[in-house]
Amino acid sequence: MVAMSKIATGNGHGENSPYFDGWKAYETNPFHPTERPNGVIQMGLAENQLCFDFFQKWLMKHPEASLCSPEGVRKFKETALFQDYHGMPEFRKAVAKFMGKVRGDRVKFDPDRIVMSGGATGAHEMVTFCLADPGEAFLVPTPYYPGFDRDLRWRTRVELVPVDCESSNNFKITRTALEAAYEQAQAANLRVKGLLITNPSNPLGTILDRETLKSIVSFINEKNIHLIGDEIYSATVFMEPEFVSISEIIEEDIECNRDLIHIVYSLSKDMGLPGFRVGIVYSYNDAVVSCARKMSSFGLVSSQTQHLIASMLSDDDFVESFIVESKERLFKRHKYFTWSLSQVGIGSLQSNAGLFIWMDLRKLLKEKTFKAEMDLWQVIIKEVKLNVSPGSSFHCQEPGWFRVCFANMDDNTVEVALMRIRTFMLKNNEAMVPRSKLCRRSSLKLSLSRRKDDFITSPGIMSPHSPLPTSPLVRART
């Protein structure tokens, strides 16, 4: 057998994580309402499938946006031959405008700083490659997306140092935690080159407030290290408070070396178009923009996709209505899903963004260990047949948390998933959760358990006693 490279054949991809094991369990027996009604339901995939009717209607009205139509074929040749790795000017202009619109037009983005890549995965690797050498490190607050272990480390050989965040303060990023992680890296003889934050957070579904962002900017300036702001979920904020971008913070009267600030963005989550592989690096550092642009030739967005996206995002009426409707649909799905869980005694971290919830199953653990978490996860995968992702795969420091995606399925599949959860909880409630008083709700479509639980949760945890949230943000936009 011919030997292969150590990098290619090593375990840098991170596929030995339960995060990917859950995907494999789904792929071997995927749920289908008629063909495989007892299959595994995919709740480990953060996709936004709630607004595809919007795209379909727009495409029907604008067939010229597609090169594979009689109306669009006249631009086929020039688009097919386009290969400038700067990207089409109209594409960069449209994406820059959309990024500003998502942030409430409180900040503007320069199209000349838009560098494209093959999805956020490629964008993360690109900016990491530009900023750090093999063996150097980035600080990453926990819990964080498991794919970062692949995206940032596999081919760049960069190290990740976790910044431990705790449920006691709703997993906030504190200056104390940042300093502790920085000192830990120094003790391990690792040179820290930057800090990566995800805002809104995957997996928490929360946003960073203005004061936290200012504290983070102060920290990276004092240490003279880079800040990468992953903002790929910025348009999924469906409830107040509104999203605050790192780009807004540096516009304020705050001491900041802009050469240290970089943003990763994509259309995979905000618009639900992961297959288009539109990833963006936006850097305030001229040298990084230049270097990243040279690297983008390894993962360009196809000219056909650029043409379509430029046409779509240049339609102001479409963009405005899409942003409003997407928030409204995410809000309704999130509210229904979290309330349904609460009726069977399952709480979650209070959140206002993202395509998932951070579900709290600590009360169901036989003991407070990660082994117990994995035992519970195996039951959920094999018996309940739901692919949810255990907190340990996100480097969470406390066992018992699980990420559950709610926007990647239709209403009927949601009902099946909730019914499975209800059945599981009813079966295990006597042994795991003390039940108290009867709770009647006539508006719930499912005939869920009418019992509430008396367990007390942290202030930021949605419990069975939490009121249904309202959405001033959505109301204001509609």
# chains A, B, ... in the order shown; residues from 1 in each chain; ligands from 1
>>> residues_around(residues="A:Leu376", least_positions_apart="4", cutoff="9 Å", atoms="only C-alpha atoms", output="PDB file with all heavy atoms, in the first residue's frame")
ATOM      1  N   LEU A 364     -31.572  14.398  34.274  1.00  0.00           N
ATOM      2  CA  LEU A 364     -31.775  13.023  33.836  1.00  0.00           C
ATOM      3  C   LEU A 364     -30.515  12.166  33.944  1.00  0.00           C
ATOM      4  O   LEU A 364     -30.572  10.957  33.703  1.00  0.00           O
ATOM      5  CB  LEU A 364     -32.262  12.993  32.385  1.00  0.00           C
ATOM      6  CG  LEU A 364     -33.552  13.764  32.063  1.00  0.00           C
ATOM      7  CD1 LEU A 364     -33.988  13.471  30.639  1.00  0.00           C
ATOM      8  CD2 LEU A 364     -34.662  13.432  33.048  1.00  0.00           C
ATOM      9  N   LEU A 365     -29.394  12.777  34.269  1.00  0.00           N
ATOM     10  CA  LEU A 365     -28.161  12.013  34.400  1.00  0.00           C
ATOM     11  C   LEU A 365     -28.181  11.159  35.662  1.00  0.00           C
ATOM     12  O   LEU A 365     -28.604  11.614  36.727  1.00  0.00           O
ATOM     13  CB  LEU A 365     -26.955  12.958  34.439  1.00  0.00           C
ATOM     14  CG  LEU A 365     -26.716  13.846  33.204  1.00  0.00           C
ATOM     15  CD1 LEU A 365     -25.450  14.675  33.424  1.00  0.00           C
ATOM     16  CD2 LEU A 365     -26.618  13.019  31.938  1.00  0.00           C
ATOM     17  N   LYS A 366     -27.702   9.948  35.548  1.00  0.00           N
ATOM     18  CA  LYS A 366     -27.619   9.074  36.718  1.00  0.00           C
ATOM     19  C   LYS A 366     -26.555   9.573  37.687  1.00  0.00           C
ATOM     20  O   LYS A 366     -26.632   9.348  38.896  1.00  0.00           O
ATOM     21  CB  LYS A 366     -27.316   7.638  36.276  1.00  0.00           C
ATOM     22  CG  LYS A 366     -28.454   7.010  35.469  1.00  0.00           C
ATOM     23  CD  LYS A 366     -28.120   5.574  35.064  1.00  0.00           C
ATOM     24  CE  LYS A 366     -29.282   4.962  34.291  1.00  0.00           C
ATOM     25  NZ  LYS A 366     -28.987   3.564  33.856  1.00  0.00           N
ATOM     26  N   LYS A 371     -19.494  10.436  31.324  1.00  0.00           N
ATOM     27  CA  LYS A 371     -19.894   9.072  30.974  1.00  0.00           C
ATOM     28  C   LYS A 371     -21.406   8.925  31.052  1.00  0.00           C
ATOM     29  O   LYS A 371     -22.032   8.313  30.181  1.00  0.00           O
ATOM     30  CB  LYS A 371     -19.226   8.059  31.899  1.00  0.00           C
ATOM     31  CG  LYS A 371     -19.585   6.605  31.550  1.00  0.00           C
ATOM     32  CD  LYS A 371     -18.968   5.612  32.509  1.00  0.00           C
ATOM     33  CE  LYS A 371     -19.309   4.176  32.109  1.00  0.00           C
ATOM     34  NZ  LYS A 371     -20.770   3.947  31.998  1.00  0.00           N
ATOM     35  N   ALA A 372     -21.992   9.517  32.092  1.00  0.00           N
ATOM     36  CA  ALA A 372     -23.444   9.469  32.224  1.00  0.00           C
ATOM     37  C   ALA A 372     -24.119  10.234  31.086  1.00  0.00           C
ATOM     38  O   ALA A 372     -25.188   9.837  30.604  1.00  0.00           O
ATOM     39  CB  ALA A 372     -23.861  10.041  33.574  1.00  0.00           C
ATOM     40  N   ILE A 380     -30.911   8.216  23.684  1.00  0.00           N
ATOM     41  CA  ILE A 380     -31.646   9.126  22.808  1.00  0.00           C
ATOM     42  C   ILE A 380     -31.443   8.748  21.349  1.00  0.00           C
ATOM     43  O   ILE A 380     -32.390   8.775  20.542  1.00  0.00           O
ATOM     44  CB  ILE A 380     -31.203  10.581  23.068  1.00  0.00           C
ATOM     45  CG1 ILE A 380     -31.571  10.998  24.500  1.00  0.00           C
ATOM     46  CG2 ILE A 380     -31.848  11.534  22.065  1.00  0.00           C
ATOM     47  CD1 ILE A 380     -31.028  12.360  24.904  1.00  0.00           C
ATOM     48  N   ILE A 381     -30.227   8.383  20.992  1.00  0.00           N
ATOM     49  CA  ILE A 381     -29.931   8.008  19.608  1.00  0.00           C
ATOM     50  C   ILE A 381     -30.564   6.668  19.239  1.00  0.00           C
ATOM     51  O   ILE A 381     -31.233   6.531  18.210  1.00  0.00           O
ATOM     52  CB  ILE A 381     -28.405   7.926  19.371  1.00  0.00           C
ATOM     53  CG1 ILE A 381     -27.789   9.319  19.282  1.00  0.00           C
ATOM     54  CG2 ILE A 381     -28.076   7.130  18.113  1.00  0.00           C
ATOM     55  CD1 ILE A 381     -28.012  10.025  17.958  1.00  0.00           C
ATOM     56  N   GLY A 400     -24.515  17.079  30.698  1.00  0.00           N
ATOM     57  CA  GLY A 400     -25.972  17.136  30.758  1.00  0.00           C
ATOM     58  C   GLY A 400     -26.632  18.107  29.801  1.00  0.00           C
ATOM     59  O   GLY A 400     -27.857  18.188  29.746  1.00  0.00           O
TER      60      GLY A 400
END
>>> residues_around(residues="A:Phe318", least_positions_apart="3", cutoff="12 Å", atoms="only C-alpha atoms", output="list of chain:residue names")
A:Phe54, A:Phe55, A:Gln56, A:Lys57, A:Trp58, A:Leu59, A:Lys61, A:His62, A:Phe98, A:Lys101, A:Ser311, A:Met312, A:Leu313, A:Ser314, A:Asp315, A:Ser321, A:Phe322, A:Ile323, A:Val324, A:Glu325, A:Ser326
>>> residues_around(residues="A:Leu300", least_positions_apart="3", cutoff="9 Å", atoms="only C-alpha atoms", output="PyMOL selection string")
chain A and resi 83+85+87+116-118+277-278+296-297+303
>>> atom_distance(atom1="atom CA of A:Lys214", atom2="atom CA of A:Ile246")
8.7 Å
>>> decode(residues="stretch 235-313 of chain A", atoms="C-alpha atoms", output="mmCIF file, in the first residue's frame")
data_model
loop_
_atom_site.group_PDB
_atom_site.id
_atom_site.type_symbol
_atom_site.label_atom_id
_atom_site.label_comp_id
_atom_site.auth_asym_id
_atom_site.auth_seq_id
_atom_site.Cartn_x
_atom_site.Cartn_y
_atom_site.Cartn_z
ATOM 1 C CA ALA A 235 -29.819 37.257 10.696
ATOM 2 C CA THR A 236 -31.321 34.525 12.894
ATOM 3 C CA VAL A 237 -31.841 36.838 15.895
ATOM 4 C CA PHE A 238 -35.615 36.575 16.238
ATOM 5 C CA MET A 239 -36.231 38.302 19.561
ATOM 6 C CA GLU A 240 -34.835 41.246 21.524
ATOM 7 C CA PRO A 241 -32.176 42.234 22.353
ATOM 8 C CA GLU A 242 -30.980 42.962 18.836
ATOM 9 C CA PHE A 243 -27.740 41.611 17.472
ATOM 10 C CA VAL A 244 -24.625 43.751 17.948
ATOM 11 C CA SER A 245 -21.790 43.119 15.514
ATOM 12 C CA ILE A 246 -18.134 43.542 16.365
ATOM 13 C CA SER A 247 -18.102 45.938 13.398
ATOM 14 C CA GLU A 248 -20.407 48.250 15.358
ATOM 15 C CA ILE A 249 -18.213 48.199 18.444
ATOM 16 C CA ILE A 250 -15.097 49.328 16.617
ATOM 17 C CA GLU A 251 -17.054 52.246 15.141
ATOM 18 C CA GLU A 252 -17.637 53.578 18.651
ATOM 19 C CA ASP A 253 -15.260 55.728 20.640
ATOM 20 C CA ILE A 254 -13.150 52.811 21.809
ATOM 21 C CA GLU A 255 -9.434 52.175 21.613
ATOM 22 C CA CYS A 256 -8.995 49.523 18.957
ATOM 23 C CA ASN A 257 -6.351 48.499 16.467
ATOM 24 C CA ARG A 258 -8.555 47.655 13.495
ATOM 25 C CA ASP A 259 -5.818 45.559 11.932
ATOM 26 C CA LEU A 260 -6.693 42.953 14.580
ATOM 27 C CA ILE A 261 -10.384 42.656 13.625
ATOM 28 C CA HIS A 262 -11.749 40.050 11.174
ATOM 29 C CA ILE A 263 -15.268 38.766 10.475
ATOM 30 C CA VAL A 264 -16.335 35.396 9.064
ATOM 31 C CA TYR A 265 -19.737 35.330 7.388
ATOM 32 C CA SER A 266 -21.726 33.089 5.065
ATOM 33 C CA LEU A 267 -25.192 32.626 3.602
ATOM 34 C CA SER A 268 -25.525 29.028 4.807
ATOM 35 C CA LYS A 269 -27.367 29.797 8.045
ATOM 36 C CA ASP A 270 -28.883 33.255 7.621
ATOM 37 C CA MET A 271 -30.440 32.411 4.256
ATOM 38 C CA GLY A 272 -30.494 28.629 4.520
ATOM 39 C CA LEU A 273 -28.295 28.098 1.451
ATOM 40 C CA PRO A 274 -25.483 25.777 2.618
ATOM 41 C CA GLY A 275 -25.274 24.050 -0.747
ATOM 42 C CA PHE A 276 -24.285 27.311 -2.445
ATOM 43 C CA ARG A 277 -21.056 27.354 -0.406
ATOM 44 C CA VAL A 278 -20.936 31.136 -0.019
ATOM 45 C CA GLY A 279 -18.379 31.976 2.657
ATOM 46 C CA ILE A 280 -16.948 35.409 3.371
ATOM 47 C CA VAL A 281 -13.876 36.778 5.117
ATOM 48 C CA TYR A 282 -14.176 40.483 5.908
ATOM 49 C CA SER A 283 -10.996 41.909 7.402
ATOM 50 C CA TYR A 284 -10.081 45.437 8.452
ATOM 51 C CA ASN A 285 -6.436 44.498 7.833
ATOM 52 C CA ASP A 286 -5.220 45.281 4.307
ATOM 53 C CA ALA A 287 -2.489 42.638 4.424
ATOM 54 C CA VAL A 288 -4.981 39.953 5.488
ATOM 55 C CA VAL A 289 -7.390 40.942 2.704
ATOM 56 C CA SER A 290 -4.579 40.658 0.155
ATOM 57 C CA CYS A 291 -3.352 37.307 1.444
ATOM 58 C CA ALA A 292 -6.835 35.846 1.809
ATOM 59 C CA ARG A 293 -7.739 36.884 -1.703
ATOM 60 C CA LYS A 294 -4.768 34.954 -3.075
ATOM 61 C CA MET A 295 -5.851 31.922 -1.053
ATOM 62 C CA SER A 296 -9.449 32.167 -2.233
ATOM 63 C CA SER A 297 -8.455 30.500 -5.489
ATOM 64 C CA PHE A 298 -8.529 27.207 -3.520
ATOM 65 C CA GLY A 299 -12.228 27.598 -2.779
ATOM 66 C CA LEU A 300 -13.985 30.048 -5.064
ATOM 67 C CA VAL A 301 -17.740 30.487 -5.161
ATOM 68 C CA SER A 302 -18.908 29.455 -8.627
ATOM 69 C CA SER A 303 -19.643 32.309 -11.008
ATOM 70 C CA GLN A 304 -23.145 30.918 -11.546
ATOM 71 C CA THR A 305 -23.826 31.141 -7.816
ATOM 72 C CA GLN A 306 -22.340 34.631 -7.652
ATOM 73 C CA HIS A 307 -24.635 35.738 -10.474
ATOM 74 C CA LEU A 308 -27.751 34.363 -8.790
ATOM 75 C CA ILE A 309 -26.888 35.711 -5.323
ATOM 76 C CA ALA A 310 -26.032 39.148 -6.733
ATOM 77 C CA SER A 311 -29.408 39.303 -8.483
ATOM 78 C CA MET A 312 -31.337 38.143 -5.429
ATOM 79 C CA LEU A 313 -29.609 40.329 -2.842
#
